[in-house]
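Next comes work_30.cif, a file with mmCIF, C-alpha atoms.
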```cif
data_data
loop_
_atom_site.label_atom_id
_atom_site.label_comp_id
_atom_site.auth_asym_id
_atom_site.auth_seq_id
_atom_site.Cartn_x
_atom_site.Cartn_y
_atom_site.Cartn_z
CA MET A 1 85.42 81.62 83.81
CA ALA A 2 82.24 79.74 84.65
CA SER A 3 82.43 78.07 88.03
CA ARG A 4 79.22 75.97 87.84
CA PRO A 5 79.74 72.31 86.75
CA ALA A 6 75.99 72.05 86.10
CA ILE A 7 73.62 74.62 84.61
CA THR A 8 69.87 74.87 85.27
CA VAL A 9 67.53 74.68 82.27
CA TYR A 10 64.33 76.77 82.20
CA ASP A 11 61.23 76.39 80.05
CA ALA A 12 59.25 79.16 78.31
CA ALA A 13 57.24 79.76 81.51
CA GLY A 14 60.39 80.31 83.61
CA GLN A 15 60.13 76.99 85.46
CA LYS A 16 63.10 74.68 86.07
CA THR A 17 63.05 71.58 83.88
CA GLY A 18 66.42 70.03 84.71
CA GLN A 19 70.17 70.49 84.55
CA ILE A 20 72.93 69.96 81.98
CA GLN A 21 76.69 69.66 82.27
CA ALA A 22 78.57 72.88 81.56
CA PRO A 23 80.70 72.56 78.40
CA ALA A 24 84.46 73.03 78.66
CA VAL A 25 84.38 76.15 76.47
CA PHE A 26 82.63 78.02 79.31
CA ALA A 27 85.89 77.71 81.31
CA ALA A 28 88.22 78.82 78.48
CA PRO A 29 90.81 81.55 79.19
CA ILE A 30 89.54 85.09 78.57
CA ARG A 31 91.96 87.14 76.46
CA GLN A 32 90.78 90.69 75.96
CA ASP A 33 93.82 91.55 73.80
CA ILE A 34 93.15 88.76 71.29
CA VAL A 35 89.44 89.59 71.16
CA GLN A 36 90.15 93.26 70.46
CA THR A 37 92.68 92.51 67.71
CA VAL A 38 90.52 89.92 65.93
CA HIS A 39 87.41 92.10 66.19
CA THR A 40 89.24 95.04 64.62
CA HIS A 41 90.39 92.89 61.71
CA MET A 42 87.02 91.23 61.19
CA ALA A 43 85.20 94.56 61.18
CA LYS A 44 87.46 95.74 58.35
CA ASN A 45 86.45 92.81 56.13
CA ARG A 46 82.97 94.27 55.56
CA ARG A 47 84.25 97.49 54.03
CA GLN A 48 83.62 98.43 50.41
CA ALA A 49 86.18 100.24 48.30
CA TYR A 50 85.73 103.93 47.64
CA ALA A 51 87.84 106.54 45.85
CA VAL A 52 87.61 109.84 43.99
CA LYS A 53 87.73 109.80 40.21
CA TYR A 54 91.32 109.42 39.01
CA GLU A 55 91.15 112.60 36.86
CA ALA A 56 89.21 114.79 39.30
CA GLY A 57 90.83 118.23 39.61
CA MET A 58 93.21 117.54 36.70
CA GLN A 59 90.94 118.42 33.80
CA HIS A 60 92.27 121.94 33.15
CA SER A 61 94.44 123.29 30.37
CA ALA A 62 97.14 124.71 32.64
CA ILE A 63 100.91 125.17 32.56
CA SER A 64 103.37 126.86 34.86
CA TRP A 65 104.59 130.35 33.96
CA GLY A 66 108.05 129.49 35.20
CA VAL A 67 110.27 131.82 37.24
CA GLY A 68 110.98 135.54 36.96
CA ARG A 69 107.50 136.94 37.56
CA ALA A 70 107.53 136.99 41.38
CA LEU A 71 104.79 134.32 41.30
CA SER A 72 104.73 130.71 42.43
CA ARG A 73 105.50 128.00 39.90
CA ILE A 74 102.10 126.33 40.28
CA PRO A 75 100.44 125.51 36.92
CA ARG A 76 98.07 128.28 35.83
CA VAL A 77 94.99 128.12 33.61
CA SER A 78 95.73 129.13 30.03
CA GLY A 79 93.88 131.62 27.86
CA GLY A 80 92.45 135.06 28.58
CA GLY A 81 89.29 137.11 28.63
CA THR A 82 88.02 135.60 31.89
CA SER A 83 88.89 135.74 35.57
CA ARG A 84 89.67 132.02 35.48
CA SER A 85 92.70 132.46 33.26
CA GLY A 86 95.90 132.81 35.22
CA GLN A 87 94.46 131.14 38.33
CA GLY A 88 96.34 128.24 39.91
CA ALA A 89 95.24 124.72 39.02
CA PHE A 90 95.96 121.02 39.76
CA GLY A 91 97.43 121.54 43.26
CA ASN A 92 95.59 120.58 46.42
CA MET A 93 95.94 124.19 47.66
CA CYS A 94 94.21 125.57 44.53
CA ARG A 95 90.55 126.23 43.94
CA LYS A 96 89.04 123.40 41.87
CA GLY A 97 92.27 121.44 42.28
CA ARG A 98 92.64 117.76 43.16
CA MET A 99 92.83 116.52 46.75
CA TYR A 100 96.12 115.63 48.40
CA SER A 101 97.03 111.99 47.86
CA PRO A 102 93.81 111.00 46.03
CA THR A 103 92.14 107.87 47.41
CA LYS A 104 92.45 104.71 45.32
CA VAL A 105 90.28 101.60 45.15
CA TRP A 106 93.34 99.35 45.47
CA ARG A 107 93.90 100.30 49.08
CA ARG A 108 94.39 97.31 51.45
CA TRP A 109 90.83 97.25 52.73
CA HIS A 110 90.66 93.76 54.21
CA ARG A 111 92.73 91.82 56.73
CA LYS A 112 93.65 88.15 56.85
CA ILE A 113 93.16 86.49 60.23
CA GLN A 114 94.66 83.21 61.43
CA VAL A 115 91.99 80.58 61.93
CA ASN A 116 93.38 79.51 65.31
CA GLN A 117 93.49 83.12 66.50
CA LYS A 118 89.90 83.70 65.39
CA ARG A 119 88.80 80.57 67.25
CA TYR A 120 90.70 81.70 70.37
CA ALA A 121 88.85 85.03 70.31
CA THR A 122 85.49 83.29 69.86
CA VAL A 123 85.95 80.91 72.80
CA SER A 124 87.16 83.84 74.95
CA ALA A 125 83.97 85.76 74.13
CA ILE A 126 81.84 82.69 74.91
CA ALA A 127 83.60 82.21 78.27
CA ALA A 128 83.21 85.93 79.10
CA SER A 129 79.45 85.71 78.50
CA THR A 130 79.23 83.30 81.47
CA VAL A 131 80.79 85.76 83.96
CA PRO A 132 78.06 87.93 85.57
CA ALA A 133 80.51 90.73 86.43
CA LEU A 134 81.59 91.15 82.78
CA VAL A 135 77.98 90.98 81.55
CA MET A 136 76.89 93.68 84.00
CA ALA A 137 79.97 95.79 83.23
CA ARG A 138 78.92 95.85 79.60
CA GLY A 139 75.62 97.46 80.63
CA HIS A 140 73.15 94.56 80.51
CA ASN A 141 70.35 94.50 83.07
CA ILE A 142 70.48 90.96 84.47
CA GLY A 143 69.38 91.64 88.04
CA LYS A 144 66.37 89.29 87.80
CA LEU A 145 68.24 86.33 86.32
CA ALA A 146 68.51 83.26 88.50
CA GLU A 147 71.97 82.41 87.16
CA VAL A 148 74.39 83.15 84.35
CA PRO A 149 74.69 81.61 81.77
CA LEU A 150 70.97 81.40 81.00
CA VAL A 151 69.86 78.17 79.28
CA VAL A 152 66.29 77.61 78.06
CA ASP A 153 64.63 74.43 76.90
CA ALA A 154 64.89 73.29 73.29
CA SER A 155 61.15 73.80 72.91
CA CYS A 156 61.79 77.57 72.87
CA GLU A 157 63.29 77.18 69.39
CA ALA A 158 59.76 76.49 68.11
CA ILE A 159 58.37 79.87 69.28
CA LYS A 160 56.88 81.53 66.21
CA THR A 161 55.32 84.81 67.40
CA THR A 162 56.88 87.95 68.85
CA LYS A 163 54.26 87.99 71.60
CA ALA A 164 55.26 84.51 72.76
CA ALA A 165 58.97 85.40 72.55
CA LEU A 166 58.47 88.49 74.74
CA LYS A 167 56.51 86.42 77.24
CA MET A 168 59.35 83.89 77.37
CA PHE A 169 62.00 86.61 77.87
CA LYS A 170 60.04 88.15 80.75
CA ALA A 171 59.49 84.74 82.36
CA VAL A 172 63.22 83.89 82.45
CA GLY A 173 64.21 87.36 83.73
CA ALA A 174 65.49 89.03 80.54
CA GLY A 175 62.60 91.49 80.23
CA ASN A 176 64.42 94.38 81.90
CA ASP A 177 67.30 94.22 79.43
CA ILE A 178 64.90 94.27 76.47
CA ALA A 179 63.07 97.26 77.99
CA ARG A 180 66.43 99.03 78.33
CA CYS A 181 67.06 98.52 74.61
CA ALA A 182 63.57 99.69 73.65
CA THR A 183 63.88 102.97 75.58
CA SER A 184 67.35 103.66 74.14
CA ARG A 185 66.21 103.88 70.52
CA LYS A 186 66.70 107.36 69.08
CA ALA A 187 67.13 108.99 65.69
CA ARG A 188 70.64 109.42 64.34
CA THR A 189 71.88 112.66 62.83
CA GLY A 190 74.34 113.43 60.06
CA LYS A 191 75.44 111.18 57.22
CA ALA A 192 74.13 107.99 58.82
CA HIS A 193 70.60 109.43 58.84
CA GLN A 194 70.94 110.37 55.17
CA ARG A 195 72.04 106.82 54.33
CA SER A 196 68.93 105.18 55.84
CA ARG A 197 70.65 104.20 59.11
CA THR A 198 68.14 106.38 60.88
CA MET A 199 67.78 104.72 64.28
CA SER A 200 70.33 103.71 66.91
CA GLY A 201 69.95 101.80 70.16
CA ARG A 202 71.64 99.56 72.71
CA LEU A 203 72.15 95.84 72.11
CA GLY A 204 70.27 93.33 74.23
CA PRO A 205 70.45 89.55 74.56
CA LEU A 206 71.83 87.25 71.88
CA VAL A 207 69.77 84.07 71.40
CA VAL A 208 71.90 81.07 70.34
CA TYR A 209 69.91 78.17 68.88
CA LYS A 210 70.68 74.91 67.12
CA LYS A 211 67.65 74.53 64.86
CA ASP A 212 65.52 77.41 63.65
CA SER A 213 61.92 76.34 64.06
CA GLY A 214 60.59 79.89 64.11
CA ILE A 215 62.70 81.58 66.80
CA THR A 216 64.42 83.94 64.34
CA ARG A 217 61.12 85.30 62.97
CA ALA A 218 59.75 85.68 66.50
CA CYS A 219 62.76 87.74 67.69
CA ARG A 220 63.61 89.80 64.63
CA ASN A 221 61.28 92.70 65.53
CA ILE A 222 62.26 92.96 69.22
CA PRO A 223 64.63 95.92 69.82
CA GLY A 224 68.15 94.85 70.72
CA VAL A 225 67.55 91.09 70.41
CA GLU A 226 69.68 89.13 67.91
CA THR A 227 69.72 85.46 66.99
CA ILE A 228 72.52 83.25 65.70
CA ASN A 229 73.06 79.57 64.97
CA VAL A 230 75.45 77.75 67.29
CA HIS A 231 77.43 76.48 64.28
CA LYS A 232 77.91 80.07 63.02
CA LEU A 233 79.00 81.85 66.20
CA ASN A 234 80.50 85.18 65.20
CA LEU A 235 82.81 87.35 67.30
CA LEU A 236 81.17 90.52 65.97
CA LYS A 237 77.96 89.47 67.76
CA LEU A 238 79.52 87.79 70.79
CA ALA A 239 81.66 90.83 71.58
CA PRO A 240 80.22 93.97 69.92
CA SER A 241 82.78 96.75 69.58
CA GLY A 242 85.40 94.31 70.88
CA GLN A 243 83.93 94.50 74.40
CA LEU A 244 83.51 91.23 76.26
CA GLY A 245 80.41 90.27 78.24
CA ARG A 246 77.47 89.99 75.80
CA PHE A 247 74.30 88.69 77.45
CA VAL A 248 73.69 85.32 75.74
CA ILE A 249 70.58 83.14 76.04
CA TRP A 250 71.40 79.54 75.06
CA THR A 251 69.03 76.80 74.11
CA LYS A 252 69.65 73.37 75.60
CA ASP A 253 70.55 71.78 72.26
CA ALA A 254 72.99 74.59 71.47
CA VAL A 255 74.84 74.13 74.78
CA GLU A 256 75.08 70.37 74.24
CA THR A 257 76.65 71.03 70.82
CA LEU A 258 79.50 73.16 72.20
CA ASN A 259 81.65 70.22 73.35
CA ALA A 260 81.50 68.68 69.89
CA LEU A 261 82.15 72.06 68.33
CA TYR A 262 85.13 73.16 70.42
CA GLY A 263 86.24 70.07 72.36
CA THR A 264 88.22 70.37 75.58
CA THR A 265 91.82 71.10 76.54
CA THR A 266 92.67 67.39 76.22
CA GLU A 267 90.19 66.07 73.63
CA GLN A 268 89.92 67.27 70.07
CA ALA A 269 86.71 68.77 68.74
CA LYS A 270 84.64 66.42 66.60
CA LEU A 271 83.46 69.17 64.25
CA LYS A 272 86.84 70.91 63.84
CA LYS A 273 89.81 68.97 62.59
CA GLY A 274 92.67 68.84 65.09
CA TYR A 275 91.36 71.63 67.34
CA LYS A 276 91.57 71.71 71.14
CA LEU A 277 90.62 74.45 73.55
CA PRO A 278 93.53 76.71 74.56
CA ARG A 279 95.01 76.09 78.00
CA SER A 280 95.14 78.76 80.66
CA VAL A 281 98.61 80.13 81.36
CA MET A 282 97.79 80.02 85.09
CA ALA A 283 95.38 77.69 86.86
CA ASN A 284 94.89 80.37 89.52
CA ALA A 285 94.92 83.89 88.12
CA ASP A 286 95.31 85.50 91.56
CA LEU A 287 99.07 86.03 91.34
CA GLU A 288 99.33 87.92 94.64
CA ARG A 289 97.67 85.05 96.52
CA VAL A 290 100.01 82.53 94.90
CA ILE A 291 103.15 84.49 95.80
CA ASN A 292 102.06 85.14 99.38
CA SER A 293 100.96 81.55 100.00
CA SER A 294 102.78 79.59 102.69
CA GLU A 295 103.93 76.97 100.16
CA VAL A 296 105.83 79.54 98.08
CA GLN A 297 107.09 81.65 100.98
CA SER A 298 108.51 78.61 102.79
CA VAL A 299 111.03 77.87 100.04
CA LEU A 300 112.15 81.44 99.38
CA ARG A 301 115.48 82.70 100.72
CA ALA A 302 115.59 85.43 103.34
CA ARG A 303 115.30 89.00 102.20
CA LYS A 304 118.63 90.71 101.57
CA THR A 305 119.50 93.86 103.47
CA ASN A 306 121.08 96.35 101.16
CA ARG A 307 123.87 98.45 102.66
CA LYS A 308 123.72 102.10 101.89
CA ALA A 309 126.41 103.33 99.56
CA HIS A 310 128.98 105.66 101.16
CA THR A 311 128.41 109.26 100.15
CA LYS A 312 131.47 111.48 99.85
CA VAL A 313 131.14 114.68 101.91
CA ASN A 314 133.03 117.95 102.02
CA LEU A 315 135.03 118.14 105.28
CA LEU A 316 135.13 121.95 105.17
CA THR A 317 131.35 122.42 105.04
CA ASN A 318 129.94 119.28 106.70
CA LEU A 319 129.99 119.81 110.48
CA ARG A 320 129.46 116.17 111.39
CA ALA A 321 132.39 115.00 109.28
CA LYS A 322 134.54 117.89 110.51
CA ALA A 323 133.80 117.00 114.17
CA LYS A 324 135.06 113.44 113.61
CA LEU A 325 138.45 114.75 112.56
CA ASN A 326 138.55 117.74 114.94
CA PRO A 327 136.30 117.55 118.06
CA TYR A 328 137.14 121.19 118.86
CA ALA A 329 135.19 122.20 115.75
CA LEU A 330 131.99 121.77 117.77
CA VAL A 331 133.26 124.22 120.42
CA VAL A 332 134.14 126.76 117.73
CA ARG A 333 130.74 126.37 116.15
CA ARG A 334 128.96 126.85 119.49
CA MET A 335 130.98 130.03 120.09
CA GLU A 336 130.01 131.35 116.64
CA VAL A 337 126.35 130.65 117.31
CA ALA A 338 126.53 132.32 120.74
CA ALA A 339 128.21 135.42 119.21
CA GLN A 340 125.50 135.57 116.56
CA LEU A 341 122.80 135.39 119.22
CA ARG A 342 124.45 138.17 121.26
CA ALA A 343 124.78 140.39 118.20
CA ALA A 344 121.15 139.80 117.29
CA LYS A 345 120.07 140.66 120.84
CA ALA A 346 122.14 143.86 120.83
CA ARG A 347 120.64 144.94 117.49
CA ALA A 348 117.17 144.33 118.83
CA ALA A 349 117.86 146.39 121.98
CA LYS A 350 119.31 149.28 119.97
CA SER A 351 116.33 149.29 117.63
CA ALA A 352 113.91 149.30 120.58
CA ALA A 353 115.76 152.24 122.22
CA LYS A 354 115.56 154.25 119.00
CA LYS A 355 111.85 153.66 118.73
CA ALA A 356 111.26 154.68 122.39
CA ALA A 357 113.26 158.03 122.24
CA PRO A 358 111.41 161.16 120.89
CA TYR A 359 112.46 162.38 117.50
CA LYS A 360 114.44 165.66 117.89
CA LYS A 361 117.30 166.95 115.85
CA GLU A 362 119.15 170.25 116.45
CA TYR A 363 120.69 172.25 113.66
CA LYS A 364 123.55 174.72 114.29
CA LEU A 365 123.45 177.73 111.94
CA SER A 366 126.42 179.71 110.73
CA GLU A 367 127.05 183.36 111.81
CA GLN A 368 126.02 184.74 108.42
CA ALA A 369 122.78 182.75 108.45
CA THR A 370 122.08 183.94 111.99
CA LYS A 371 122.48 187.63 110.88
CA LYS A 372 120.15 187.07 107.93
CA LEU A 373 117.50 185.55 110.19
CA ALA A 374 117.82 188.51 112.64
CA ALA A 375 117.44 191.04 109.78
CA VAL A 376 114.34 189.23 108.54
CA GLU A 377 112.84 189.25 112.01
CA THR A 378 113.53 193.02 112.35
CA ILE A 379 111.85 193.77 109.02
CA LYS A 380 108.83 191.71 110.07
CA ALA A 381 108.59 193.62 113.39
CA ASN A 382 108.85 197.05 111.70
CA LEU A 383 106.19 196.11 109.18
CA LYS A 384 103.90 194.97 111.93
CA ALA A 385 104.38 198.26 113.91
CA ARG A 386 103.74 200.36 110.77
CA LYS A 387 100.52 198.49 110.09
CA ALA A 388 99.38 199.05 113.67
CA ALA A 389 100.12 202.83 113.49
CA THR A 390 98.27 203.15 110.16
CA TYR A 391 95.24 201.35 111.56
CA LYS A 392 95.24 203.56 114.66
CA TYR A 393 95.43 206.75 112.55
CA ALA A 394 92.58 205.58 110.28
CA VAL A 395 90.32 204.83 113.25
CA LYS A 396 91.07 208.30 114.77
CA ALA A 397 90.35 210.11 111.44
CA ALA A 398 87.06 208.27 110.96
CA LYS A 399 85.99 209.18 114.48
CA LYS A 400 86.80 212.87 113.89
CA HIS A 401 84.89 212.85 110.58
CA ARG A 402 81.76 211.40 112.19
CA ALA A 403 81.85 214.06 114.94
CA ALA A 404 82.13 216.92 112.39
CA ALA A 405 79.21 215.58 110.37
CA LYS A 406 77.06 215.31 113.44
CA LYS A 407 77.80 218.91 114.47
CA ALA A 408 77.00 220.28 111.00
CA LYS A 409 73.69 218.53 110.97
CA ALA A 410 72.72 220.03 114.34
CA THR A 411 73.44 223.70 113.33
CA ALA A 412 71.66 223.58 109.99
CA LYS A 413 68.26 225.60 109.69
CA PRO A 414 65.08 223.57 109.23
CA ALA A 415 63.30 223.96 105.83
CA ALA A 416 60.11 226.18 105.68
CA LYS A 417 56.75 224.50 105.22
CA GLY A 418 54.44 225.22 102.27
CA GLY A 419 56.79 224.81 99.41
CA LYS A 420 58.51 227.51 97.27
CA LYS A 421 57.83 231.27 97.66
#
```

Render the structure in this file as structure tokens.
Amino acid sequence: MASRPAITVYDAAGQKTGQIQAPAVFAAPIRQDIVQTVHTHMAKNRRQAYAVKYEAGMQHSAISWGVGRALSRIPRVSGGGTSRSGQGAFGNMCRKGRMYSPTKVWRRWHRKIQVNQKRYATVSAIAASTVPALVMARGHNIGKLAEVPLVVDASCEAIKTTKAALKMFKAVGAGNDIARCATSRKARTGKAHQRSRTMSGRLGPLVVYKKDSGITRACRNIPGVETINVHKLNLLKLAPSGQLGRFVIWTKDAVETLNALYGTTTEQAKLKKGYKLPRSVMANADLERVINSSEVQSVLRARKTNRKAHTKVNLLTNLRAKAKLNPYALVVRRMEVAAQLRAAKARAAKSAAKKAAPYKKEYKLSEQATKKLAAVETIKANLKARKAATYKYAVKAAKKHRAAAKKAKATAKPAAKGGKK
């Protein structure tokens, strides 16, 4: 809600020219749920009917072959002599068949909206446009604005050129938001591009005027800037996509018209029969502060202390409950624990002794096995002695052979010189 009772008015050069009283609609309750619902319904009222042709996919000469052929009972194209004959037809699963649940032009395209609900959504969007946090949350660049809402002099309605309009926007601090919209323009892709909706971009300020003396022509070519008459305020422009917080630039005459257009919570509007502004459910929306205030806390009763419910326990397994009935149960339990500790200590000592002792295991053989081992050892000894004797004999024979060869060589006559005779 707007908290300023008076709003500063600026001229086209950005200079202060005076103040005006804030209309009551700027302090109306903000209902996001109502705005979202009404926006959804209003957006549906611009749709045009579309449908496929009623006989599309049903223009074949086809009939089902019935049962008994191990084929589905879908209608099949009649005739012969072509690959098309015998193929399924009509069904949405068939080639060249109709779609499932064909669209019709008598669908419920539009939605009726209660007049009072539509007005509630409009005043909520107007009130949200006066809250800087909501305007910034929507993405508008309002860092250079002196205050929100922004009201300009009625002489700005007579601006006729785009150059003068841009100069005015920069002077009052809205130039950054317009630059943001200009840099966001980009080409669309897909069906929208094929249907001449080629460019997309962010939305900038909405200029609300009372009398069009040239302001609409001056602003129509500025990216993101839209204009609207104060008597034709539309929720689709005040809250695009159902999101509150549109940056609105008001002219002085338009702001002065709002009280006559929407009235107050106690006085009826002069331009709407029997209409008053909706009341806020709570004067102070900070519920936590209201509850914790000293006025409320002083009349509240003391906090109750809830007793814990008794839990039933098993006396055979629960030691604490067992000790209440039999105090000796604690002594028994301590003895059990001590015995367990002693047993664990004994096991640990035994394991340590086993690890420390060297591994040695003696086997006692039978008499028969002992005789077999002795016979094997005897055989091995005999074989070893035989090998030694054989080796000794071979060495002696080789030595004798070498001596005989040496002696024969020494006694042989030398050959005569000069060749054969």

Item to check | Top pick for closest residue to Val9 (chain A), considering A:Arg31, A:Lys210, A:His193, A:Lys252 and counting all atoms listed in the file | outcome: A:Lys252

Next on the checklist: What would the selection look like, as number ranges by chain, if the PyMOL selection byres ((chain A and resi 104) around 10) were run on the coordinates I just shared?
Outcome noted: A: 49-54, 101-103, 105-108

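CA of Val208 (chain A) lies 8.7 Å from CA of Val255 (chain A).
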
So that each row is one residue of region 105-220 of chain A with an atom at most 12 Å from region 270-294 of chain A, can you give its shortest atom pair and the distance in Å to one decimal, using only C-alpha atoms, rows by chain and rising number, as JSON lines?
```
{"residue": "A:Val115", "atom": "CA", "partner": "A:Tyr275", "partner_atom": "CA", "distance": 10.5}
{"residue": "A:Asn116", "atom": "CA", "partner": "A:Tyr275", "partner_atom": "CA", "distance": 8.4}
{"residue": "A:Gln117", "atom": "CA", "partner": "A:Pro278", "partner_atom": "CA", "distance": 10.3}
{"residue": "A:Arg119", "atom": "CA", "partner": "A:Leu277", "partner_atom": "CA", "distance": 9.0}
{"residue": "A:Tyr120", "atom": "CA", "partner": "A:Pro278", "partner_atom": "CA", "distance": 7.1}
{"residue": "A:Ala121", "atom": "CA", "partner": "A:Pro278", "partner_atom": "CA", "distance": 10.4}
{"residue": "A:Thr122", "atom": "CA", "partner": "A:Leu277", "partner_atom": "CA", "distance": 10.9}
{"residue": "A:Val123", "atom": "CA", "partner": "A:Leu277", "partner_atom": "CA", "distance": 8.0}
{"residue": "A:Ser124", "atom": "CA", "partner": "A:Pro278", "partner_atom": "CA", "distance": 9.6}
{"residue": "A:Ala127", "atom": "CA", "partner": "A:Leu277", "partner_atom": "CA", "distance": 11.5}
```

Pull the closest atom pair for each residue of region 177-249 of chain A that gets at most 10 Å from region 135-138 of chain A, along with the distance in Å to one decimal, counting all atoms listed in the file, ordering rows by chain and then ascending residue number, as a Markdown table.
```
| residue | atom | partner | partner_atom | distance |
| --- | --- | --- | --- | --- |
| A:Ala239 | CA | A:Arg138 | CA | 9.9 |
| A:Pro240 | CA | A:Arg138 | CA | 9.9 |
| A:Gln243 | CA | A:Arg138 | CA | 7.3 |
| A:Leu244 | CA | A:Arg138 | CA | 7.3 |
| A:Gly245 | CA | A:Val135 | CA | 4.2 |
| A:Arg246 | CA | A:Val135 | CA | 5.9 |
| A:Phe247 | CA | A:Val135 | CA | 6.0 |
| A:Val248 | CA | A:Val135 | CA | 9.2 |
```

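We find CA of Lys167 (chain A) and CA of Cys219 (chain A) to be spaced 11.5 Å apart.
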
Checklist entry - What gap, in Å, lies between CA of Asn176 (chain A) and CA of Leu258 (chain A)? => result 27.8 Å

Dump C-alpha atoms of region 145-208 of chain A from the given block, as an mmCIF file, in the first residue's frame.
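Output file out_39.cif follows:
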```cif
data_model
loop_
_atom_site.group_PDB
_atom_site.id
_atom_site.type_symbol
_atom_site.label_atom_id
_atom_site.label_comp_id
_atom_site.auth_asym_id
_atom_site.auth_seq_id
_atom_site.Cartn_x
_atom_site.Cartn_y
_atom_site.Cartn_z
ATOM 1 C CA LEU A 145 13.239 7.782 -9.381
ATOM 2 C CA ALA A 146 12.698 10.291 -6.610
ATOM 3 C CA GLU A 147 9.560 8.509 -5.386
ATOM 4 C CA VAL A 148 6.965 5.951 -6.371
ATOM 5 C CA PRO A 149 4.290 6.491 -7.671
ATOM 6 C CA LEU A 150 5.621 8.888 -10.311
ATOM 7 C CA VAL A 151 3.256 11.748 -11.233
ATOM 8 C CA VAL A 152 4.021 14.230 -14.019
ATOM 9 C CA ASP A 153 2.324 17.493 -14.850
ATOM 10 C CA ALA A 154 -0.752 17.595 -17.088
ATOM 11 C CA SER A 155 1.258 19.519 -19.668
ATOM 12 C CA CYS A 156 3.071 16.261 -20.517
ATOM 13 C CA GLU A 157 -0.128 15.026 -22.177
ATOM 14 C CA ALA A 158 0.506 17.576 -24.945
ATOM 15 C CA ILE A 159 3.909 16.106 -25.913
ATOM 16 C CA LYS A 160 3.715 15.293 -29.617
ATOM 17 C CA THR A 161 7.164 14.008 -30.637
ATOM 18 C CA THR A 162 9.075 10.891 -29.627
ATOM 19 C CA LYS A 163 12.193 12.977 -29.043
ATOM 20 C CA ALA A 164 10.395 15.159 -26.500
ATOM 21 C CA ALA A 165 8.851 12.101 -24.826
ATOM 22 C CA LEU A 166 12.270 10.446 -24.425
ATOM 23 C CA LYS A 167 13.667 13.667 -22.997
ATOM 24 C CA MET A 168 10.821 13.791 -20.478
ATOM 25 C CA PHE A 169 11.322 10.142 -19.444
ATOM 26 C CA LYS A 170 15.042 10.697 -18.855
ATOM 27 C CA ALA A 171 14.377 13.889 -16.879
ATOM 28 C CA VAL A 172 12.005 12.175 -14.420
ATOM 29 C CA GLY A 173 14.296 9.137 -13.966
ATOM 30 C CA ALA A 174 12.588 6.539 -16.185
ATOM 31 C CA GLY A 175 15.309 6.468 -18.847
ATOM 32 C CA ASN A 176 17.081 3.404 -17.441
ATOM 33 C CA ASP A 177 13.932 1.287 -17.627
ATOM 34 C CA ILE A 178 13.346 2.282 -21.256
ATOM 35 C CA ALA A 179 16.978 1.449 -22.086
ATOM 36 C CA ARG A 180 16.468 -1.967 -20.462
ATOM 37 C CA CYS A 181 13.501 -2.605 -22.768
ATOM 38 C CA ALA A 182 15.391 -1.420 -25.857
ATOM 39 C CA THR A 183 18.332 -3.769 -25.247
ATOM 40 C CA SER A 184 16.019 -6.733 -24.577
ATOM 41 C CA ARG A 185 14.456 -6.779 -28.046
ATOM 42 C CA LYS A 186 15.301 -9.948 -29.949
ATOM 43 C CA ALA A 187 13.879 -12.016 -32.786
ATOM 44 C CA ARG A 188 11.457 -14.795 -31.944
ATOM 45 C CA THR A 189 11.730 -18.283 -33.396
ATOM 46 C CA GLY A 190 9.144 -20.875 -34.338
ATOM 47 C CA LYS A 191 5.488 -20.348 -35.160
ATOM 48 C CA ALA A 192 5.344 -16.849 -33.691
ATOM 49 C CA HIS A 193 8.012 -15.689 -36.143
ATOM 50 C CA GLN A 194 6.069 -17.218 -39.035
ATOM 51 C CA ARG A 195 2.923 -15.380 -37.928
ATOM 52 C CA SER A 196 4.541 -11.919 -38.036
ATOM 53 C CA ARG A 197 5.146 -11.726 -34.263
ATOM 54 C CA THR A 198 8.824 -11.484 -35.044
ATOM 55 C CA MET A 199 10.199 -9.445 -32.143
ATOM 56 C CA SER A 200 9.944 -9.867 -28.372
ATOM 57 C CA GLY A 201 11.083 -7.649 -25.528
ATOM 58 C CA ARG A 202 10.521 -6.613 -21.929
ATOM 59 C CA LEU A 203 7.735 -4.230 -20.918
ATOM 60 C CA GLY A 204 8.602 -0.784 -19.598
ATOM 61 C CA PRO A 205 6.530 2.003 -18.051
ATOM 62 C CA LEU A 206 2.801 2.413 -18.577
ATOM 63 C CA VAL A 207 1.738 6.042 -19.117
ATOM 64 C CA VAL A 208 -1.767 6.776 -17.769
#
```
